[in-house]
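Trainee: If it helps, the file is called target33.cif and holds mmCIF, C-alpha atoms:
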```
data_work
loop_
_atom_site.label_atom_id
_atom_site.label_comp_id
_atom_site.auth_asym_id
_atom_site.auth_seq_id
_atom_site.Cartn_x
_atom_site.Cartn_y
_atom_site.Cartn_z
CA MET A 262 -16.36 6.65 27.04
CA THR A 263 -17.46 3.35 25.49
CA LEU A 264 -16.63 1.28 22.45
CA ARG A 265 -19.83 2.65 20.91
CA HIS A 266 -18.42 6.18 21.22
CA LEU A 267 -15.34 5.05 19.26
CA GLU A 268 -17.50 3.38 16.60
CA ILE A 269 -19.49 6.60 16.15
CA PHE A 270 -16.30 8.70 16.06
CA ILE A 271 -14.68 6.41 13.43
CA THR A 272 -17.81 6.51 11.25
CA VAL A 273 -17.96 10.32 11.42
CA CYS A 274 -14.28 10.46 10.42
CA GLN A 275 -14.81 8.13 7.47
CA THR A 276 -17.96 9.86 6.19
CA ASN A 277 -16.93 13.44 7.11
CA SER A 278 -20.54 14.02 8.09
CA MET A 279 -22.67 13.68 11.22
CA THR A 280 -25.75 13.10 9.06
CA LYS A 281 -24.15 10.38 6.91
CA ALA A 282 -22.71 8.70 9.99
CA ALA A 283 -26.14 8.71 11.65
CA LYS A 284 -27.69 7.09 8.58
CA GLN A 285 -24.98 4.45 8.38
CA LEU A 286 -25.28 3.64 12.10
CA PHE A 287 -29.11 3.76 12.12
CA MET A 288 -29.04 6.59 14.64
CA THR A 289 -30.44 10.12 14.76
CA GLN A 290 -28.13 12.98 13.87
CA PRO A 291 -28.54 14.61 17.34
CA ALA A 292 -27.49 11.32 18.98
CA VAL A 293 -24.33 11.24 16.88
CA SER A 294 -23.57 14.89 17.71
CA GLN A 295 -24.09 14.16 21.41
CA ALA A 296 -21.67 11.22 21.30
CA ILE A 297 -18.98 13.40 19.70
CA LYS A 298 -19.55 16.12 22.32
CA GLU A 299 -19.16 13.50 25.07
CA LEU A 300 -15.86 12.38 23.54
CA GLU A 301 -14.61 15.96 23.32
CA THR A 302 -15.62 16.51 26.95
CA HIS A 303 -13.90 13.30 28.02
CA TYR A 304 -10.62 14.23 26.30
CA GLU A 305 -10.99 17.95 27.06
CA ALA A 306 -10.06 18.73 23.46
CA PRO A 307 -11.91 19.49 20.21
CA LEU A 308 -11.86 16.59 17.76
CA PHE A 309 -13.42 18.39 14.79
CA GLU A 310 -13.53 21.88 13.36
CA ARG A 311 -16.71 22.93 11.60
CA MET A 312 -16.18 25.32 8.68
CA HIS A 313 -18.51 26.11 5.78
CA ASN A 314 -20.83 23.25 6.82
CA LYS A 315 -17.96 20.77 6.56
CA LEU A 316 -16.14 18.75 9.22
CA PHE A 317 -12.36 18.73 9.50
CA ARG A 318 -10.46 16.63 12.05
CA THR A 319 -8.18 18.50 14.43
CA THR A 320 -4.71 17.23 15.30
CA ASN A 321 -6.23 15.60 18.37
CA GLY A 322 -8.91 14.09 16.16
CA ASP A 323 -6.24 12.58 13.90
CA LEU A 324 -4.47 11.11 16.92
CA LEU A 325 -7.65 9.60 18.35
CA TYR A 326 -8.57 8.16 14.93
CA GLU A 327 -5.24 6.28 14.81
CA TYR A 328 -5.89 4.71 18.21
CA ALA A 329 -9.63 4.21 17.76
CA THR A 330 -9.33 2.27 14.49
CA HIS A 331 -6.70 0.04 16.07
CA ILE A 332 -8.74 -0.58 19.24
CA PHE A 333 -11.97 -1.19 17.33
CA GLY A 334 -10.18 -3.41 14.84
CA LEU A 335 -8.77 -5.57 17.64
CA PHE A 336 -12.24 -5.87 19.18
CA GLU A 337 -13.76 -6.96 15.86
CA LYS A 338 -10.93 -9.43 15.24
CA ALA A 339 -11.42 -10.95 18.70
CA GLN A 340 -15.14 -11.35 18.04
CA HIS A 341 -14.52 -12.91 14.65
CA SER A 342 -11.82 -15.27 15.94
CA ILE A 343 -14.02 -16.53 18.76
CA LYS A 344 -17.10 -16.97 16.57
CA VAL A 345 -15.20 -18.59 13.72
CA ASN A 346 -12.66 -20.67 15.57
CA HIS A 347 -11.40 -22.59 12.54
CA GLU A 348 -10.26 -19.30 10.97
CA ALA A 349 -8.50 -17.99 14.08
CA GLY A 350 -5.12 -18.35 12.37
CA ALA A 351 -6.14 -16.59 9.16
CA ILE A 352 -3.74 -13.95 7.81
CA ARG A 353 -4.87 -10.80 5.98
CA ILE A 354 -2.14 -9.40 3.74
CA GLY A 355 -2.10 -6.26 1.61
CA ALA A 356 0.47 -6.14 -1.19
CA ASN A 357 1.45 -3.71 -3.89
CA LEU A 358 1.31 -4.89 -7.50
CA THR A 359 5.00 -5.81 -7.68
CA VAL A 360 4.84 -8.10 -4.66
CA GLY A 361 1.41 -9.44 -5.56
CA ALA A 362 2.45 -10.34 -9.10
CA THR A 363 5.88 -11.77 -8.39
CA ILE A 364 7.02 -12.68 -4.89
CA LEU A 365 3.84 -13.28 -2.91
CA PRO A 366 2.30 -16.28 -4.76
CA LYS A 367 5.51 -18.29 -4.40
CA MET A 368 5.89 -17.30 -0.74
CA ILE A 369 2.33 -18.39 0.09
CA GLU A 370 2.92 -21.68 -1.73
CA LYS A 371 6.04 -22.27 0.37
CA PHE A 372 4.31 -21.15 3.57
CA ASN A 373 1.44 -23.60 3.03
CA ALA A 374 3.88 -26.41 2.27
CA ILE A 375 5.50 -25.83 5.69
CA HIS A 376 2.54 -24.83 7.86
CA GLY A 377 -0.45 -26.45 6.18
CA ASN A 378 -3.36 -24.65 4.60
CA ILE A 379 -3.71 -21.69 6.96
CA PRO A 380 -6.10 -19.24 5.28
CA VAL A 381 -4.13 -16.38 3.70
CA ARG A 382 -6.34 -13.63 2.31
CA VAL A 383 -4.67 -11.13 -0.02
CA ILE A 384 -5.58 -7.68 -1.31
CA VAL A 385 -3.40 -6.38 -4.17
CA GLY A 386 -3.43 -2.70 -5.09
CA ASN A 387 -1.26 0.38 -5.32
CA GLY A 388 0.88 1.16 -2.30
CA ASP A 389 -1.13 4.19 -1.22
CA HIS A 390 -4.40 2.20 -1.14
CA ILE A 391 -2.81 -0.70 0.76
CA ASP A 392 -1.26 1.67 3.31
CA LYS A 393 -4.68 3.24 3.95
CA MET A 394 -6.18 -0.22 4.48
CA LEU A 395 -3.45 -0.89 7.05
CA SER A 396 -4.27 2.32 8.93
CA ARG A 397 -7.93 1.20 9.11
CA ASN A 398 -6.89 -2.26 10.39
CA GLU A 399 -8.49 -3.93 7.35
CA ILE A 400 -5.32 -5.99 6.87
CA ASP A 401 -2.81 -7.40 9.36
CA PHE A 402 0.33 -6.22 7.58
CA ALA A 403 1.36 -4.71 4.27
CA LEU A 404 4.04 -5.59 1.73
CA ILE A 405 4.74 -2.31 -0.02
CA GLU A 406 7.40 0.20 -1.04
CA GLU A 407 9.62 1.61 1.71
CA VAL A 408 7.86 3.90 4.18
CA ALA A 409 9.18 5.65 7.27
CA ALA A 410 8.81 4.02 10.69
CA ASP A 411 7.00 6.15 13.26
CA ARG A 412 5.40 5.82 16.70
CA PHE A 413 2.62 3.68 15.23
CA ARG A 414 4.43 1.69 12.55
CA MET A 415 6.98 -1.13 12.41
CA VAL A 416 8.93 -1.37 9.15
CA LYS A 417 11.19 -4.24 8.05
CA VAL A 418 12.96 -4.44 4.68
CA PHE A 419 12.57 -7.85 3.02
CA PHE A 420 13.51 -7.25 -0.64
CA GLU A 421 15.65 -4.88 -2.72
CA ASP A 422 14.42 -3.98 -6.19
CA ARG A 423 14.98 -1.11 -8.59
CA ILE A 424 13.07 0.92 -11.12
CA ALA A 425 13.62 0.03 -14.78
CA VAL A 426 13.04 2.33 -17.74
CA VAL A 427 12.16 0.12 -20.71
CA ALA A 428 11.16 0.45 -24.37
CA LYS A 429 10.50 -1.70 -27.42
CA CYS A 430 13.38 -3.94 -28.46
CA GLY A 431 15.61 -2.01 -30.86
CA TYR A 432 14.56 1.38 -29.48
CA GLU A 433 17.00 3.96 -30.84
CA ILE A 434 17.76 5.50 -27.42
CA LYS A 435 19.94 3.48 -25.04
CA SER A 436 20.89 6.13 -22.47
CA VAL A 437 19.19 9.36 -21.41
CA THR A 438 19.61 12.22 -18.98
CA PRO A 439 16.67 12.94 -16.66
CA ALA A 440 15.85 16.04 -18.73
CA HIS A 441 15.78 14.02 -21.94
CA LEU A 442 13.66 11.34 -20.26
CA ALA A 443 11.07 13.92 -19.19
CA ASN A 444 10.48 14.79 -22.86
CA LEU A 445 9.91 11.20 -24.02
CA PRO A 446 6.39 9.69 -24.24
CA LEU A 447 6.21 8.21 -20.75
CA LEU A 448 4.11 5.17 -19.84
CA LEU A 449 3.61 5.50 -16.09
CA ARG A 450 1.80 3.80 -13.24
CA ASP A 451 -1.14 5.56 -11.62
CA ALA A 452 -0.71 8.21 -8.93
CA GLY A 453 -0.18 6.61 -5.53
CA ALA A 454 1.69 3.60 -6.90
CA GLY A 455 5.09 3.29 -5.22
CA VAL A 456 7.10 3.17 -8.44
CA ARG A 457 5.32 6.32 -9.66
CA VAL A 458 5.90 8.16 -6.38
CA GLN A 459 9.61 7.35 -6.42
CA PHE A 460 9.97 8.26 -10.09
CA ASP A 461 8.18 11.59 -9.58
CA GLN A 462 10.44 12.33 -6.59
CA MET A 463 13.53 11.56 -8.65
CA MET A 464 12.42 13.88 -11.43
CA HIS A 465 11.54 16.59 -8.90
CA GLN A 466 15.12 16.48 -7.58
CA PHE A 467 16.24 17.62 -11.03
CA GLY A 468 13.57 20.33 -11.19
CA LEU A 469 11.58 18.30 -13.69
CA ARG A 470 7.97 17.19 -13.96
CA ALA A 471 7.07 13.96 -15.71
CA GLU A 472 3.83 14.16 -17.68
CA PRO A 473 2.49 10.70 -18.53
CA TYR A 474 1.62 9.86 -22.12
CA TRP A 475 -0.11 6.78 -20.77
CA GLU A 476 -1.14 6.31 -17.13
CA SER A 477 -2.39 2.94 -15.90
CA ALA A 478 -2.94 0.84 -12.77
CA SER A 479 -2.03 -2.19 -14.90
CA THR A 480 1.64 -3.02 -15.40
CA LEU A 481 0.62 -5.39 -18.22
CA ALA A 482 -1.00 -2.50 -20.11
CA LEU A 483 2.23 -0.48 -19.84
CA ILE A 484 4.39 -3.42 -20.91
CA ASN A 485 2.23 -4.08 -23.95
CA ALA A 486 2.20 -0.38 -24.87
CA ALA A 487 6.01 -0.30 -24.65
CA LYS A 488 6.30 -3.45 -26.80
CA CYS A 489 4.16 -1.74 -29.46
CA GLY A 490 6.55 1.23 -29.53
CA LEU A 491 4.09 3.67 -27.98
CA GLY A 492 6.54 5.06 -25.45
CA VAL A 493 8.96 4.42 -22.61
CA ALA A 494 7.61 2.53 -19.57
CA VAL A 495 8.78 3.08 -15.99
CA LEU A 496 8.29 -0.14 -14.03
CA PRO A 497 9.65 -2.19 -11.14
CA TYR A 498 12.55 -4.26 -12.47
CA GLN A 499 11.07 -7.51 -11.13
CA VAL A 500 7.96 -6.93 -13.24
CA ALA A 501 9.93 -6.06 -16.41
CA LYS A 502 12.73 -8.59 -15.90
CA ALA A 503 11.39 -11.52 -17.97
CA HIS A 504 10.58 -9.21 -20.89
CA ILE A 505 14.08 -7.72 -20.82
CA GLU A 506 15.63 -11.19 -20.70
CA ASP A 507 13.53 -12.59 -23.58
CA GLY A 508 14.49 -9.61 -25.76
CA THR A 509 11.05 -8.06 -26.19
CA LEU A 510 12.01 -4.99 -24.15
CA ASP A 511 15.27 -3.03 -23.92
CA GLU A 512 16.31 -1.31 -20.71
CA ILE A 513 17.36 2.34 -21.00
CA THR A 514 20.06 3.74 -18.71
CA VAL A 515 19.23 6.98 -16.87
CA GLU A 516 22.51 8.84 -16.45
CA GLY A 517 23.60 9.86 -12.96
CA VAL A 518 20.58 8.36 -11.22
CA THR A 519 20.26 5.52 -8.71
CA LEU A 520 16.86 3.89 -8.98
CA THR A 521 17.17 1.35 -6.16
CA ARG A 522 14.11 0.84 -3.99
CA HIS A 523 13.25 -1.36 -1.01
CA LEU A 524 10.12 -3.39 -0.38
CA VAL A 525 9.08 -3.65 3.25
CA ILE A 526 6.80 -5.46 5.67
CA THR A 527 4.94 -2.90 7.77
CA TYR A 528 2.35 -3.24 10.54
CA HIS A 529 1.03 -1.38 13.58
CA LYS A 530 3.46 -1.43 16.53
CA ASN A 531 0.71 -2.62 18.86
CA LYS A 532 -0.60 -5.22 16.45
CA TYR A 533 -1.16 -8.61 18.05
CA LEU A 534 0.72 -11.00 15.79
CA THR A 535 -0.56 -14.56 15.87
CA ALA A 536 1.87 -17.46 15.54
CA SER A 537 0.90 -17.85 11.87
CA MET A 538 1.49 -14.13 11.18
CA ARG A 539 4.92 -14.27 12.85
CA ALA A 540 5.80 -17.37 10.85
CA PHE A 541 4.82 -15.73 7.56
CA ILE A 542 6.80 -12.55 8.34
CA ALA A 543 9.85 -14.63 9.27
CA LEU A 544 9.58 -16.54 5.98
CA MET A 545 9.39 -13.29 3.99
CA GLU A 546 12.42 -11.85 5.78
CA SER A 547 14.55 -14.97 5.40
CA GLU A 548 13.67 -16.24 1.94
CA ALA A 549 12.17 -13.49 -0.26
CA GLU A 550 15.55 -12.55 -1.77
CA GLY A 551 16.04 -16.18 -2.78
CA PHE A 552 13.12 -15.88 -5.19
CA LYS A 553 14.74 -12.97 -7.09
CA ASP A 554 16.16 -15.11 -9.87
CA SER A 555 12.93 -17.04 -10.41
CA GLN A 556 10.51 -14.16 -10.83
CA SER A 557 8.27 -14.01 -13.87
CA GLY A 558 7.31 -10.66 -15.39
CA ILE A 559 3.60 -9.98 -15.30
#
```
The structure given in the file should be rewritten as structure tokens.
Mentor:
Amino acid sequence: MTLRHLEIFITVCQTNSMTKAAKQLFMTQPAVSQAIKELETHYEAPLFERMHNKLFRTTNGDLLYEYATHIFGLFEKAQHSIKVNHEAGAIRIGANLTVGATILPKMIEKFNAIHGNIPVRVIVGNGDHIDKMLSRNEIDFALIEEVAADRFRMVKVFFEDRIAVVAKCGYEIKSVTPAHLANLPLLLRDAGAGVRVQFDQMMHQFGLRAEPYWESASTLALINAAKCGLGVAVLPYQVAKAHIEDGTLDEITVEGVTLTRHLVITYHKNKYLTASMRAFIALMESEAEGFKDSQSGI
């Protein structure tokens, strides 16, 4: 087994097709098939099931994909670091919209003031997308909603937030039950966003399903819709905070429900953390809560 075998295997997994993988790798389809057969022989286990002309990874295939992406990612990072020595300390961070809009800019500013201008590259998106980037080793660590630790993942809480239900200032409803809330015009984040996942889980616990009146990847769109009286927005408190404090939004109490949530730093357990990565993680753990009172709603 060689690194080339792993590259072919990863490409087949990501394209779900021997033919597409061959085209992407500038190989013939039989050569790709042969490489997969050699891997299956090496591990003495099937890595794919072929049904209705489609490929599906087996459990062993899923396991190998976890390791292969990590191994191949480390190899690519080593190559890049050696070839581009001045960027060897660069940090690649993935953040959900709450962290990206509120905490992260201030933390990078403070980090650079202490450690100099170490390159910090940031991708901001919904938590599900960022978590997938982490699994593909496209980022070094993620700052997202709480996820479970497992044999591959380290998880460290760095910030406690909560979900806020908000509406236009002067909105006639100040307190609702979950059942009442489900029947209001809801302005919700897109599927896969952490705040949406937690809200849907909360409603499910009461046997309810929340149907969005508006659904958006933009928290600003939801805030503006709420300010115009178009419905009730469900947002991270840190994002809605400034608008609640300046009186343009009112917060609605949800009776009998705790809407606390944690934001975490998560990375692969076998991830090689450079000195700059360790320093940034330590800064997030020690000082992120201190920025709570200075956040601006976005």
Trainee: At a cut-off of 9 Å, using only C-alpha atoms, what residues contact region 317-332 of chain A? Leave out same-chain residues fewer than 6 positions from it and give the result as a PDB file with C-alpha atoms, keeping the file's coordinate frame.
Mentor:
```pdb
ATOM      1  CA  LEU A 264     -16.630   1.280  22.450  1.00  0.00           C
ATOM      2  CA  LEU A 267     -15.340   5.050  19.260  1.00  0.00           C
ATOM      3  CA  GLU A 268     -17.500   3.380  16.600  1.00  0.00           C
ATOM      4  CA  PHE A 270     -16.300   8.700  16.060  1.00  0.00           C
ATOM      5  CA  ILE A 271     -14.680   6.410  13.430  1.00  0.00           C
ATOM      6  CA  CYS A 274     -14.280  10.460  10.420  1.00  0.00           C
ATOM      7  CA  ASN A 277     -16.930  13.440   7.110  1.00  0.00           C
ATOM      8  CA  ALA A 306     -10.060  18.730  23.460  1.00  0.00           C
ATOM      9  CA  PRO A 307     -11.910  19.490  20.210  1.00  0.00           C
ATOM     10  CA  LEU A 308     -11.860  16.590  17.760  1.00  0.00           C
ATOM     11  CA  PHE A 309     -13.420  18.390  14.790  1.00  0.00           C
ATOM     12  CA  GLU A 310     -13.530  21.880  13.360  1.00  0.00           C
ATOM     13  CA  ARG A 311     -16.710  22.930  11.600  1.00  0.00           C
ATOM     14  CA  SER A 396      -4.270   2.320   8.930  1.00  0.00           C
ATOM     15  CA  ARG A 397      -7.930   1.200   9.110  1.00  0.00           C
ATOM     16  CA  ASN A 398      -6.890  -2.260  10.390  1.00  0.00           C
ATOM     17  CA  PHE A 413       2.620   3.680  15.230  1.00  0.00           C
ATOM     18  CA  HIS A 529       1.030  -1.380  13.580  1.00  0.00           C
ATOM     19  CA  ASN A 531       0.710  -2.620  18.860  1.00  0.00           C
ATOM     20  CA  LYS A 532      -0.600  -5.220  16.450  1.00  0.00           C
TER      21      LYS A 532
END
```
Trainee: What's around region 440-447 of chain A at 10 Å? Count only C-alpha atoms, leave out sequence neighbours fewer than 6 positions away in its own chain, and write the answer as a list in words.
Mentor: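 Near region 440-447 of chain A, the qualifying residues are Val426, Ala428, Met464, Phe467, Gly468, Leu469, Arg470, Ala471, Glu472, Pro473, Tyr474, Trp475, Glu476, Leu483, Ala487, Gly490, Leu491, Gly492, Val493, Ala494, Val495, Ile513, Val515 and Glu516 of chain A.
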Trainee: With the file shown as input, list the residues that the PyMOL selection byres ((chain A and resi 537) around 10) selects, as an mmCIF file with C-alpha atoms, in the coordinates of the input.
Mentor:
```cif
data_model
loop_
_atom_site.group_PDB
_atom_site.id
_atom_site.type_symbol
_atom_site.label_atom_id
_atom_site.label_comp_id
_atom_site.auth_asym_id
_atom_site.auth_seq_id
_atom_site.Cartn_x
_atom_site.Cartn_y
_atom_site.Cartn_z
ATOM 1 C CA ALA A 349 -8.500 -17.990 14.080
ATOM 2 C CA GLY A 350 -5.120 -18.350 12.370
ATOM 3 C CA ALA A 351 -6.140 -16.590 9.160
ATOM 4 C CA ILE A 352 -3.740 -13.950 7.810
ATOM 5 C CA PHE A 372 4.310 -21.150 3.570
ATOM 6 C CA HIS A 376 2.540 -24.830 7.860
ATOM 7 C CA ILE A 379 -3.710 -21.690 6.960
ATOM 8 C CA PRO A 380 -6.100 -19.240 5.280
ATOM 9 C CA VAL A 381 -4.130 -16.380 3.700
ATOM 10 C CA LEU A 534 0.720 -11.000 15.790
ATOM 11 C CA THR A 535 -0.560 -14.560 15.870
ATOM 12 C CA ALA A 536 1.870 -17.460 15.540
ATOM 13 C CA MET A 538 1.490 -14.130 11.180
ATOM 14 C CA ARG A 539 4.920 -14.270 12.850
ATOM 15 C CA ALA A 540 5.800 -17.370 10.850
ATOM 16 C CA PHE A 541 4.820 -15.730 7.560
ATOM 17 C CA ILE A 542 6.800 -12.550 8.340
ATOM 18 C CA ALA A 543 9.850 -14.630 9.270
#
```
Trainee: Take the point (-27.1, -0.6, 13.6) as written in the file and pick out every residue within 12 Å of it, counting all atoms listed in the file; give the list as number ranges by chain.
Mentor: A: 265, 268-269, 272, 282-289
Trainee: Export, as a compact mmCIF listing (two decimals), keeping the file's coordinate frame, the selected residues with C-alpha atoms.
Mentor:
```
# COMPACT_ATOMS: atom_id res chain seq x y z
CA ARG A 265 -19.83 2.65 20.91
CA GLU A 268 -17.50 3.38 16.60
CA ILE A 269 -19.49 6.60 16.15
CA THR A 272 -17.81 6.51 11.25
CA ALA A 282 -22.71 8.70 9.99
CA ALA A 283 -26.14 8.71 11.65
CA LYS A 284 -27.69 7.09 8.58
CA GLN A 285 -24.98 4.45 8.38
CA LEU A 286 -25.28 3.64 12.10
CA PHE A 287 -29.11 3.76 12.12
CA MET A 288 -29.04 6.59 14.64
CA THR A 289 -30.44 10.12 14.76
```
Trainee: Thr514 (chain A): which residues within 7 Å, counting all atoms listed in the file, same-chain residues fewer than 5 positions away excluded, as a PyMOL selection string?
Mentor: chain A and resi 435-437
Trainee: Now that the selection is made, can you save its residues with C-alpha atoms as a PDB file, in the frame of the given file?
Mentor:
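Output file out.pdb follows:
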```
ATOM      1  CA  LYS A 435      19.940   3.480 -25.040  1.00  0.00           C
ATOM      2  CA  SER A 436      20.890   6.130 -22.470  1.00  0.00           C
ATOM      3  CA  VAL A 437      19.190   9.360 -21.410  1.00  0.00           C
TER       4      VAL A 437
END
```
Trainee: Find the residues near Pro497 (chain A): any atom within 7 Å, counting all atoms listed in the file, skip ones fewer than 5 places away on the same chain, and give them as a VMD selection string.
Mentor: chain A and resid 359 423 to 425 456
Trainee: Given all atoms listed in the file as the basis, pick out the residue of A:Asn485, A:Asn378, A:Thr519, A:Thr527 nearest to Ala410 (chain A).
Mentor: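 Comparing A:Asn485, A:Asn378, A:Thr519, A:Thr527 against Ala410 (chain A), the winner is A:Thr527.
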Trainee: Go ahead and compute the interatomic distance for CA of Val383 (chain A) and CA of Phe460 (chain A), in Å to one decimal.
Mentor: 26.3 Å
Trainee: Would you mind telling me which residue in A:Leu544, A:Ala374, A:Ala296, A:Ile405 lies nearest to Glu421 (chain A) when using only C-alpha atoms?
Mentor: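 The closest residue to Glu421 (chain A) is A:Ile405.
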Trainee: With distances taken over all atoms listed in the file, which of A:His390, A:Lys417, A:Arg353, A:Lys338 is nearest to Ile526 (chain A)?
Mentor: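 Closest to Ile526 (chain A) of all the choices is A:Lys417.
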Trainee: Do you have the CA of Ala362 (chain A)-CA of Val427 (chain A) distance handy?
Mentor: 18.4 Å
Trainee: CA of Tyr533 (chain A) to CA of Ile400 (chain A): how many Å, to one decimal?
Mentor: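 A separation of 12.2 Å between them.
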Trainee: May I have the protein, DNA and RNA residues with an atom at most 10 Å from (14.4, -5.7, -15.1), counting only C-alpha atoms in the file's coordinates, returned as a list in words?
Mentor: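 Those within range, by chain then number, are Asp422, Arg423, Ile424, Ala425, Val426, Val427, Leu496, Pro497, Tyr498, Gln499, Val500, Ala501, Lys502, Ala503, His504, Ile505, Glu506, Leu510, Asp511, Glu512 and Gly558 of chain A.
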